[in-house]
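Colleague: File name data_29.cif; file contents mmCIF, C-alpha atoms; full text below.
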data_my_file
#
loop_
_atom_site.label_atom_id
_atom_site.label_comp_id
_atom_site.auth_asym_id
_atom_site.auth_seq_id
_atom_site.Cartn_x
_atom_site.Cartn_y
_atom_site.Cartn_z
CA MET A 36 26.81 -8.66 -4.29
CA ASP A 37 23.40 -7.59 -5.56
CA LYS A 38 21.83 -4.65 -3.78
CA TYR A 39 18.23 -3.60 -3.26
CA GLY A 40 16.88 -0.66 -1.34
CA LEU A 41 14.20 1.75 -0.23
CA ILE A 42 13.95 5.43 -1.12
CA GLY A 43 11.86 7.85 0.93
CA TYR A 44 12.08 10.65 3.48
CA PRO A 45 12.08 10.35 6.39
CA LEU A 46 12.49 6.59 6.70
CA GLY A 47 12.89 5.92 10.43
CA HIS A 48 12.08 2.27 11.13
CA SER A 49 11.77 0.32 7.88
CA PHE A 50 9.89 -2.95 7.63
CA SER A 51 11.53 -3.67 4.27
CA VAL A 52 15.17 -3.48 5.38
CA SER A 53 14.68 -6.04 8.16
CA PHE A 54 12.40 -8.28 6.07
CA PHE A 55 14.69 -8.52 3.05
CA ASN A 56 18.01 -8.80 4.88
CA GLU A 57 16.51 -11.60 6.99
CA LYS A 58 15.22 -13.27 3.80
CA PHE A 59 18.66 -13.02 2.16
CA ALA A 60 20.38 -14.50 5.23
CA ASN A 61 17.88 -17.35 5.62
CA GLU A 62 17.85 -18.30 1.93
CA GLY A 63 21.57 -17.90 1.27
CA ILE A 64 21.01 -15.08 -1.24
CA ASN A 65 24.13 -12.99 -1.83
CA ALA A 66 22.40 -9.63 -1.57
CA ARG A 67 21.91 -6.69 0.76
CA TYR A 68 19.00 -4.29 1.29
CA ILE A 69 19.80 -0.65 2.10
CA ASN A 70 17.74 2.34 3.20
CA PHE A 71 18.37 5.40 1.02
CA GLU A 72 16.92 8.33 2.98
CA ILE A 73 16.93 11.12 0.40
CA PRO A 74 15.57 14.62 1.10
CA ASN A 75 14.83 15.20 -2.62
CA ILE A 76 13.78 12.86 -5.44
CA GLU A 77 16.45 14.66 -7.52
CA ASP A 78 19.00 12.60 -5.51
CA LEU A 79 17.85 9.37 -7.22
CA PRO A 80 20.22 9.56 -10.25
CA GLU A 81 23.19 9.85 -7.88
CA ILE A 82 22.11 6.68 -6.04
CA LEU A 83 21.77 4.83 -9.35
CA ALA A 84 25.16 6.07 -10.56
CA SER A 85 27.03 5.33 -7.34
CA THR A 86 25.47 1.89 -6.71
CA PRO A 87 26.04 -0.17 -9.88
CA GLU A 88 25.01 -3.39 -8.07
CA LEU A 89 21.49 -2.01 -7.45
CA LYS A 90 18.85 -4.33 -8.95
CA GLY A 91 15.68 -2.94 -7.46
CA LEU A 92 14.11 -0.31 -5.24
CA ASN A 93 11.03 0.13 -3.12
CA VAL A 94 9.56 3.63 -3.02
CA THR A 95 7.72 5.14 -0.08
CA ILE A 96 6.39 8.54 1.04
CA PRO A 97 6.72 11.15 -0.39
CA TYR A 98 8.07 9.85 -3.73
CA LYS A 99 5.52 7.33 -5.07
CA GLN A 100 4.23 9.87 -7.61
CA LYS A 101 7.31 12.06 -8.02
CA VAL A 102 9.47 9.09 -9.04
CA ILE A 103 7.40 8.46 -12.18
CA SER A 104 9.30 11.12 -14.14
CA TYR A 105 12.43 8.95 -13.76
CA ILE A 106 10.76 5.72 -14.91
CA ASP A 107 11.25 4.36 -18.46
CA GLU A 108 8.35 1.91 -18.42
CA LEU A 109 5.25 1.60 -16.24
CA SER A 110 3.12 -1.47 -15.54
CA PRO A 111 -0.57 -0.98 -16.46
CA GLU A 112 -1.49 -0.85 -12.74
CA ALA A 113 1.14 1.75 -11.88
CA ARG A 114 0.02 3.89 -14.83
CA ALA A 115 -3.67 3.66 -13.90
CA ILE A 116 -3.05 4.36 -10.21
CA GLY A 117 -0.48 7.09 -10.86
CA ALA A 118 1.95 5.77 -8.24
CA VAL A 119 5.04 3.54 -8.21
CA ASN A 120 6.39 1.75 -5.16
CA VAL A 121 8.58 -0.92 -6.81
CA ILE A 122 11.29 -0.29 -9.42
CA ARG A 123 13.15 -2.97 -11.36
CA ILE A 124 16.58 -1.81 -12.52
CA THR A 125 18.08 -3.40 -15.64
CA ARG A 126 21.58 -2.57 -16.87
CA LYS A 127 22.99 -3.39 -20.30
CA GLY A 128 26.44 -1.88 -20.55
CA LYS A 129 26.02 1.78 -19.70
CA ASN A 130 22.31 1.73 -20.49
CA LEU A 131 19.95 1.76 -17.51
CA THR A 132 16.25 0.89 -17.70
CA LEU A 133 13.82 1.50 -14.84
CA LYS A 134 10.44 -0.25 -14.83
CA GLY A 135 7.86 0.89 -12.28
CA PHE A 136 5.23 -1.29 -10.60
CA ASN A 137 2.64 -0.87 -7.87
CA SER A 138 2.57 -3.61 -5.23
CA ASP A 139 -0.02 -1.85 -3.03
CA VAL A 140 -2.81 -3.12 -5.27
CA ILE A 141 -1.47 -6.70 -5.26
CA GLY A 142 -0.95 -6.84 -1.50
CA PHE A 143 -4.38 -5.39 -0.83
CA THR A 144 -6.45 -7.44 -3.30
CA ARG A 145 -4.83 -10.75 -2.32
CA SER A 146 -5.39 -9.94 1.34
CA ILE A 147 -9.03 -8.84 1.18
CA GLU A 148 -10.33 -11.17 -1.55
CA PRO A 149 -10.77 -14.23 0.76
CA MET A 150 -12.98 -12.10 3.03
CA LEU A 151 -15.45 -11.11 0.32
CA GLU A 152 -18.81 -12.81 -0.20
CA ASN A 153 -21.70 -12.24 -2.63
CA ILE A 154 -23.26 -9.69 -0.27
CA HIS A 155 -20.21 -7.41 -0.63
CA LYS A 156 -20.93 -5.18 -3.63
CA LYS A 157 -19.96 -1.67 -2.49
CA ALA A 158 -17.04 -0.22 -0.53
CA LEU A 159 -16.24 3.00 1.26
CA ILE A 160 -12.63 4.21 1.06
CA LEU A 161 -11.81 6.45 4.01
CA GLY A 162 -9.20 9.04 3.00
CA THR A 163 -7.91 10.23 -0.35
CA GLY A 164 -4.15 10.31 0.16
CA GLY A 165 -1.35 7.76 0.10
CA ALA A 166 -2.49 4.35 -1.07
CA SER A 167 -6.18 5.20 -1.56
CA ARG A 168 -6.03 5.12 -5.39
CA ALA A 169 -4.41 1.68 -5.32
CA ILE A 170 -7.16 0.53 -2.94
CA GLU A 171 -9.81 1.91 -5.32
CA TYR A 172 -8.16 0.13 -8.27
CA GLY A 173 -7.99 -3.12 -6.30
CA LEU A 174 -11.61 -3.01 -5.14
CA LYS A 175 -12.85 -2.26 -8.65
CA SER A 176 -10.77 -5.14 -10.03
CA LEU A 177 -12.62 -7.38 -7.56
CA GLY A 178 -15.96 -6.12 -8.87
CA LEU A 179 -16.90 -3.68 -6.10
CA GLU A 180 -18.35 -0.22 -6.55
CA THR A 181 -16.37 2.38 -4.57
CA LEU A 182 -17.00 5.71 -2.88
CA PHE A 183 -14.37 7.97 -1.27
CA VAL A 184 -14.92 9.67 2.08
CA SER A 185 -12.91 12.79 2.93
CA ARG A 186 -12.86 15.46 5.62
CA ALA A 187 -13.25 18.15 2.95
CA LYS A 188 -15.85 18.34 0.19
CA LYS A 189 -14.24 17.28 -3.11
CA ASP A 190 -15.38 16.01 -6.48
CA GLY A 191 -16.10 12.28 -6.34
CA CYS A 192 -16.10 12.29 -2.53
CA ILE A 193 -18.55 12.51 0.29
CA THR A 194 -17.73 13.91 3.73
CA TYR A 195 -17.80 12.02 7.03
CA GLU A 196 -20.99 13.89 7.97
CA GLU A 197 -22.68 12.25 4.98
CA VAL A 198 -21.87 8.70 6.12
CA THR A 199 -25.27 7.66 7.49
CA PRO A 200 -26.28 4.35 9.10
CA GLU A 201 -28.18 3.58 5.87
CA LEU A 202 -25.00 4.10 3.84
CA ILE A 203 -23.07 1.76 6.17
CA LYS A 204 -25.63 -0.98 5.43
CA GLU A 205 -25.27 -0.43 1.67
CA TYR A 206 -21.48 0.04 1.57
CA ASN A 207 -20.59 -2.88 3.83
CA VAL A 208 -16.88 -3.01 2.97
CA ILE A 209 -14.98 -0.13 4.61
CA VAL A 210 -11.25 0.45 4.12
CA ASN A 211 -9.37 2.89 6.34
CA CYS A 212 -6.63 4.63 4.32
CA THR A 213 -6.15 7.40 6.90
CA PRO A 214 -3.48 7.46 9.65
CA LEU A 215 -6.20 7.71 12.32
CA GLY A 216 -5.54 5.12 15.00
CA MET A 217 -1.87 4.59 14.19
CA TYR A 218 0.55 4.29 17.10
CA PRO A 219 1.18 6.44 19.14
CA LYS A 220 -2.26 8.02 18.54
CA ALA A 221 -4.04 4.70 18.98
CA ASP A 222 -7.05 6.31 20.69
CA THR A 223 -8.32 7.90 17.44
CA CYS A 224 -10.49 6.47 14.68
CA PRO A 225 -12.56 7.63 11.69
CA ASP A 226 -15.85 9.20 12.77
CA ILE A 227 -18.49 6.93 11.22
CA PRO A 228 -21.66 5.25 12.64
CA TYR A 229 -20.16 1.98 13.88
CA GLU A 230 -23.45 1.07 15.56
CA ALA A 231 -24.96 0.47 12.08
CA MET A 232 -22.49 -2.36 11.41
CA ASP A 233 -23.27 -6.06 11.69
CA THR A 234 -21.89 -9.47 10.70
CA HIS A 235 -22.08 -8.49 7.00
CA THR A 236 -19.64 -5.60 7.51
CA ILE A 237 -15.94 -5.88 6.63
CA LEU A 238 -13.55 -3.35 8.16
CA TYR A 239 -10.07 -3.36 6.63
CA ASP A 240 -7.42 -1.08 8.13
CA LEU A 241 -4.16 -0.38 6.28
CA ILE A 242 -2.59 0.35 9.69
CA TYR A 243 -0.79 -2.58 11.36
CA ASN A 244 0.51 -0.87 14.51
CA PRO A 245 -1.33 -1.46 16.82
CA ASP A 246 -2.51 -4.92 15.74
CA GLU A 247 -6.12 -3.99 16.48
CA THR A 248 -6.96 -0.35 15.89
CA LEU A 249 -9.86 1.46 17.53
CA PHE A 250 -11.56 1.42 14.08
CA MET A 251 -11.38 -2.39 14.14
CA LYS A 252 -12.41 -2.68 17.81
CA LYS A 253 -15.50 -0.50 17.40
CA GLY A 254 -16.64 -2.44 14.34
CA ALA A 255 -15.98 -5.83 15.93
CA LYS A 256 -18.20 -4.80 18.86
CA TYR A 257 -21.16 -4.89 16.45
CA GLY A 258 -20.10 -8.10 14.68
CA ALA A 259 -17.98 -6.76 11.83
CA THR A 260 -15.15 -8.88 10.39
CA THR A 261 -11.87 -6.99 10.70
CA LYS A 262 -8.33 -7.16 9.34
CA ASN A 263 -5.24 -4.99 9.68
CA GLY A 264 -2.59 -4.15 7.08
CA LEU A 265 0.17 -6.57 8.11
CA GLU A 266 -0.67 -9.30 5.61
CA MET A 267 -0.90 -6.68 2.86
CA LEU A 268 2.59 -5.49 3.81
CA LEU A 269 4.00 -9.03 3.60
CA LEU A 270 2.28 -9.70 0.27
CA GLN A 271 3.71 -6.44 -1.06
CA ALA A 272 7.20 -7.57 -0.09
CA PHE A 273 6.70 -10.92 -1.86
CA ALA A 274 5.47 -9.06 -4.96
CA SER A 275 8.50 -6.74 -4.89
CA TRP A 276 10.85 -9.72 -5.02
CA ASP A 277 8.90 -11.20 -7.95
CA PHE A 278 8.99 -7.90 -9.83
CA TRP A 279 12.74 -7.46 -9.30
CA ASN A 280 13.38 -10.94 -10.63
CA GLY A 281 11.02 -10.61 -13.58
CA GLU A 282 8.89 -13.49 -12.32
CA GLU A 283 5.62 -11.60 -12.31
CA GLN A 284 4.61 -9.41 -15.21
CA LEU A 285 1.62 -7.26 -14.42
#
Give the structure from the file, written as structure tokens.

Modeller:
Amino acid sequence: MDKYGLIGYPLGHSFSVSFFNEKFANEGINARYINFEIPNIEDLPEILASTPELKGLNVTIPYKQKVISYIDELSPEARAIGAVNVIRITRKGKNLTLKGFNSDVIGFTRSIEPMLENIHKKALILGTGGASRAIEYGLKSLGLETLFVSRAKKDGCITYEEVTPELIKEYNVIVNCTPLGMYPKADTCPDIPYEAMDTHTILYDLIYNPDETLFMKKGAKYGATTKNGLEMLLLQAFASWDFWNGEEQL
């Protein structure tokens, strides 16, 4: 039986384990998806050695960057972003080859692209951690100019205090890459001038629990088009399967 899995720490509830095991059952695929909750990335070689049926892995926090030192080959996107969240495992005899991909950028671009119109030229990326570099890569690949917003002053970033109503009009695509508004703290949201938004504004939230975050609600009040991160998550899962089976070379 082929095996696939997820490495991260802590894992808690995993979307991937339920999604893939349900997929395998429904499609008659002789495979199983397992959560590997490892406290250190140094535990990865032991997983690979003790699970010879392992064909692929997903990678989540906090190992998307740390895992790169174990990868033999990186896709152009993963190299440019500096993060891997999908690994294809190929075995030939005793030789093991790991190829790293990034499905964040695929899930995001395929999800937001249908929302974009000619008036959408510039985007604000709220937050600089986690998936923000994949979001930047994806937006640039779609032809948008990007600007990061952070709580602290950093190179290449502005602070939330610098997000003016005028800036909201100019940067009318806004992507929330922060955990603000995620359950159970659903009563929080990024501090930006929502009242400057209108029907030309797109608010995209990587959070998918709750379905409609306060960020989305406050923008929608002024006419903004909103979307949460659930479709991105599903598209990432589809991309993972393609990568593991060598059906999509990026």

Colleague: I need the residue set behind the PyMOL selection byres ((chain A and resi 185) around 12) for this file; please write it as a list in words.

Modeller: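 Output from the PyMOL selection byres ((chain A and resi 185) around 12), applied to this file: Leu159, Ile160, Leu161, Gly162, Thr163, Gly164, Ser167, Leu182, Phe183, Val184, Arg186, Ala187, Lys188, Lys189, Asp190, Gly191, Cys192, Ile193, Thr194, Tyr195, Glu196, Glu197, Val198, Asn211, Cys212, Thr213, Pro225, Asp226 and Ile227 of chain A.
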
Colleague: Taking into account only C-alpha atoms, which residue in the set A:Gly258, A:Pro87, A:Gly47, A:Pro111 is nearest to Gly128 of chain A?

Modeller: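 Looking only at the distances to Gly128 of chain A, the closest residue turns out to be A:Pro87.
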
Colleague: Taking the file above as input, evaluate the PyMOL selection byres ((chain A and resi 121) around 8) and report the hits as a PyMOL selection string.

Modeller: chain A and resi 91-94+119-120+122-123+135-138+275+278

Colleague: Near Leu249 of chain A, counting only C-alpha atoms, which residues have an atom at most 10 Å away, once you skip same-chain residues fewer than 2 positions from it, shown as an NGL selection string?

Modeller: :A and (215-217 or 221-225 or 245-247 or 251-255)

Colleague: Name the residues that the PyMOL selection byres ((chain A and resi 99) around 9) pulls out of this structure, and write them as a PyMOL selection string.

Modeller: chain A and resi 43+94-98+100-103+117-121+165

Colleague: Name the residues in contact with segment 49-53 of chain A at a cut-off of 10 Å, using all atoms listed in the file, excluding same-chain residues fewer than 3 positions from it; report them as a PyMOL selection string.

Modeller: chain A and resi 39-41+46+56-58+67-70+93+268-269+271-272

Colleague: Report, in Å to a single decimal, how far apart atom CA of Asp37 of chain A and atom CA of Ala113 of chain A are.

Modeller: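 Distance between the two atoms: 25.0 Å.
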
Colleague: Separation of atom CA of Ala231 of chain A and atom CA of Leu177 of chain A, in Å?

Modeller: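 If I compute the distance from atom CA of Ala231 of chain A to atom CA of Leu177 of chain A, I get 24.5 Å.
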
Colleague: Between A:Glu266, A:Asp78, A:Glu230, A:Glu62, single out the one closest to Asp139 of chain A, counting all atoms listed in the file.

Modeller: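 Among the listed residues, A:Glu266 lies closest to Asp139 of chain A.
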
Colleague: What is the distance, in Å and to one decimal place, between atom CA of Val140 of chain A and atom CA of Thr125 of chain A?

Modeller: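 Here the two named atoms are 23.3 Å from each other.
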
Colleague: Could you check the closest approach to Ala66 of chain A for each of A:Glu88, A:Asp233, A:Glu282, A:Glu148 and tell me which residue wins, using all atoms listed in the file?

Modeller: A:Glu88

Colleague: Could you tell me which of A:Ala259, A:Ala84, A:Ile170, A:Met36 comes closest to Asn65 of chain A if we count all atoms listed in the file?

Modeller: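 That would be A:Met36, the residue with the smallest distance to Asn65 of chain A.
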
Colleague: For Leu241 of chain A, which of A:Lys262, A:Lys156, A:His48, A:Lys256 is the closest residue, counting only C-alpha atoms?

Modeller: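 Answer, going by the shortest atom-to-atom distance: A:Lys262.
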
Colleague: Taking only C-alpha atoms into account, name the residue in A:Ile141, A:Leu131, A:Ile242, A:Leu174 that is nearest to Lys90 of chain A.

Modeller: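 Answer, going by the shortest atom-to-atom distance: A:Leu131.
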
Colleague: With a distance cut-off of 12 Å and all atoms listed in the file, select the neighbouring residues of Ile147 of chain A, excluding the residue or stretch itself and same-chain residues fewer than 4 positions from it, and output the selection as a ChimeraX atom specification.

Modeller: /A:140-143,151-152,155,158,170,173-174,176-177,179,208-210,237-241,260-267,270

Colleague: Keeping only C-alpha atoms, take the residues you just selected and write them out as a short mmCIF file (atom, residue, chain, number, x, y, z; two decimals), in the frame of the given file.

Modeller:
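Ended up saving to part_1.cif:
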data_model
loop_
_atom_site.label_atom_id
_atom_site.label_comp_id
_atom_site.auth_asym_id
_atom_site.auth_seq_id
_atom_site.Cartn_x
_atom_site.Cartn_y
_atom_site.Cartn_z
CA VAL A 140 -2.81 -3.12 -5.27
CA ILE A 141 -1.47 -6.70 -5.26
CA GLY A 142 -0.95 -6.84 -1.50
CA PHE A 143 -4.38 -5.39 -0.83
CA LEU A 151 -15.45 -11.11 0.32
CA GLU A 152 -18.81 -12.81 -0.20
CA HIS A 155 -20.21 -7.41 -0.63
CA ALA A 158 -17.04 -0.22 -0.53
CA ILE A 170 -7.16 0.53 -2.94
CA GLY A 173 -7.99 -3.12 -6.30
CA LEU A 174 -11.61 -3.01 -5.14
CA SER A 176 -10.77 -5.14 -10.03
CA LEU A 177 -12.62 -7.38 -7.56
CA LEU A 179 -16.90 -3.68 -6.10
CA VAL A 208 -16.88 -3.01 2.97
CA ILE A 209 -14.98 -0.13 4.61
CA VAL A 210 -11.25 0.45 4.12
CA ILE A 237 -15.94 -5.88 6.63
CA LEU A 238 -13.55 -3.35 8.16
CA TYR A 239 -10.07 -3.36 6.63
CA ASP A 240 -7.42 -1.08 8.13
CA LEU A 241 -4.16 -0.38 6.28
CA THR A 260 -15.15 -8.88 10.39
CA THR A 261 -11.87 -6.99 10.70
CA LYS A 262 -8.33 -7.16 9.34
CA ASN A 263 -5.24 -4.99 9.68
CA GLY A 264 -2.59 -4.15 7.08
CA LEU A 265 0.17 -6.57 8.11
CA GLU A 266 -0.67 -9.30 5.61
CA MET A 267 -0.90 -6.68 2.86
CA LEU A 270 2.28 -9.70 0.27
#

Colleague: As a short mmCIF file (atom, residue, chain, number, x, y, z; two decimals), in the frame of the given file, could you write out segment 125-136 of chain A once it has been completed with all heavy atoms?

Modeller:
data_model
loop_
_atom_site.label_atom_id
_atom_site.label_comp_id
_atom_site.auth_asym_id
_atom_site.auth_seq_id
_atom_site.Cartn_x
_atom_site.Cartn_y
_atom_site.Cartn_z
N THR A 125 17.38 -2.53 -14.69
CA THR A 125 18.08 -3.40 -15.64
C THR A 125 19.22 -2.63 -16.28
O THR A 125 19.02 -1.50 -16.75
CB THR A 125 17.10 -3.90 -16.73
OG1 THR A 125 15.93 -4.44 -16.10
CG2 THR A 125 17.75 -4.97 -17.60
N ARG A 126 20.41 -3.22 -16.27
CA ARG A 126 21.58 -2.57 -16.87
C ARG A 126 22.11 -3.40 -18.02
O ARG A 126 22.31 -4.61 -17.88
CB ARG A 126 22.69 -2.40 -15.82
CG ARG A 126 22.31 -1.51 -14.66
CD ARG A 126 23.40 -1.49 -13.58
NE ARG A 126 22.94 -0.84 -12.36
CZ ARG A 126 23.13 0.45 -12.09
NH1 ARG A 126 23.77 1.23 -12.93
NH2 ARG A 126 22.68 0.98 -10.94
N LYS A 127 22.32 -2.76 -19.16
CA LYS A 127 22.99 -3.39 -20.30
C LYS A 127 24.11 -2.45 -20.73
O LYS A 127 23.86 -1.41 -21.34
CB LYS A 127 22.01 -3.62 -21.45
CG LYS A 127 21.01 -4.73 -21.16
CD LYS A 127 20.09 -5.01 -22.32
CE LYS A 127 19.11 -6.12 -21.97
NZ LYS A 127 18.09 -6.31 -23.02
N GLY A 128 25.33 -2.80 -20.33
CA GLY A 128 26.44 -1.88 -20.55
C GLY A 128 26.22 -0.62 -19.73
O GLY A 128 26.00 -0.69 -18.52
N LYS A 129 26.24 0.51 -20.40
CA LYS A 129 26.02 1.78 -19.70
C LYS A 129 24.54 2.19 -19.71
O LYS A 129 24.18 3.21 -19.13
CB LYS A 129 26.86 2.88 -20.35
CG LYS A 129 28.36 2.69 -20.10
CD LYS A 129 29.14 3.88 -20.62
CE LYS A 129 30.63 3.72 -20.31
NZ LYS A 129 31.41 4.86 -20.84
N ASN A 130 23.73 1.41 -20.40
CA ASN A 130 22.31 1.73 -20.49
C ASN A 130 21.55 1.20 -19.26
O ASN A 130 21.72 0.05 -18.86
CB ASN A 130 21.69 1.14 -21.76
CG ASN A 130 22.23 1.82 -22.99
OD1 ASN A 130 22.59 2.99 -22.96
ND2 ASN A 130 22.33 1.08 -24.09
N LEU A 131 20.72 2.07 -18.72
CA LEU A 131 19.95 1.76 -17.51
C LEU A 131 18.47 1.87 -17.84
O LEU A 131 18.03 2.86 -18.43
CB LEU A 131 20.33 2.80 -16.44
CG LEU A 131 19.97 2.54 -14.99
CD1 LEU A 131 20.75 1.35 -14.46
CD2 LEU A 131 20.28 3.78 -14.17
N THR A 132 17.69 0.85 -17.48
CA THR A 132 16.25 0.89 -17.70
C THR A 132 15.54 0.70 -16.36
O THR A 132 15.83 -0.25 -15.63
CB THR A 132 15.79 -0.21 -18.68
OG1 THR A 132 16.52 -0.08 -19.90
CG2 THR A 132 14.30 -0.10 -18.97
N LEU A 133 14.61 1.60 -16.07
CA LEU A 133 13.82 1.50 -14.84
C LEU A 133 12.37 1.17 -15.20
O LEU A 133 11.75 1.89 -15.98
CB LEU A 133 13.85 2.82 -14.06
CG LEU A 133 15.22 3.41 -13.68
CD1 LEU A 133 15.04 4.66 -12.84
CD2 LEU A 133 16.07 2.39 -12.93
N LYS A 134 11.86 0.08 -14.64
CA LYS A 134 10.44 -0.25 -14.83
C LYS A 134 9.72 -0.11 -13.50
O LYS A 134 10.17 -0.63 -12.48
CB LYS A 134 10.26 -1.66 -15.38
CG LYS A 134 8.78 -1.99 -15.59
CD LYS A 134 8.53 -3.17 -16.50
CE LYS A 134 7.02 -3.35 -16.72
NZ LYS A 134 6.71 -4.49 -17.59
N GLY A 135 8.61 0.61 -13.51
CA GLY A 135 7.86 0.89 -12.28
C GLY A 135 6.62 0.03 -12.15
O GLY A 135 5.89 -0.19 -13.12
N PHE A 136 6.39 -0.47 -10.93
CA PHE A 136 5.23 -1.29 -10.60
C PHE A 136 4.53 -0.72 -9.37
O PHE A 136 5.08 0.12 -8.66
CB PHE A 136 5.66 -2.73 -10.27
CG PHE A 136 6.42 -3.43 -11.35
CD1 PHE A 136 7.81 -3.30 -11.45
CD2 PHE A 136 5.77 -4.23 -12.28
CE1 PHE A 136 8.52 -3.96 -12.44
CE2 PHE A 136 6.48 -4.89 -13.27
CZ PHE A 136 7.86 -4.76 -13.35
#
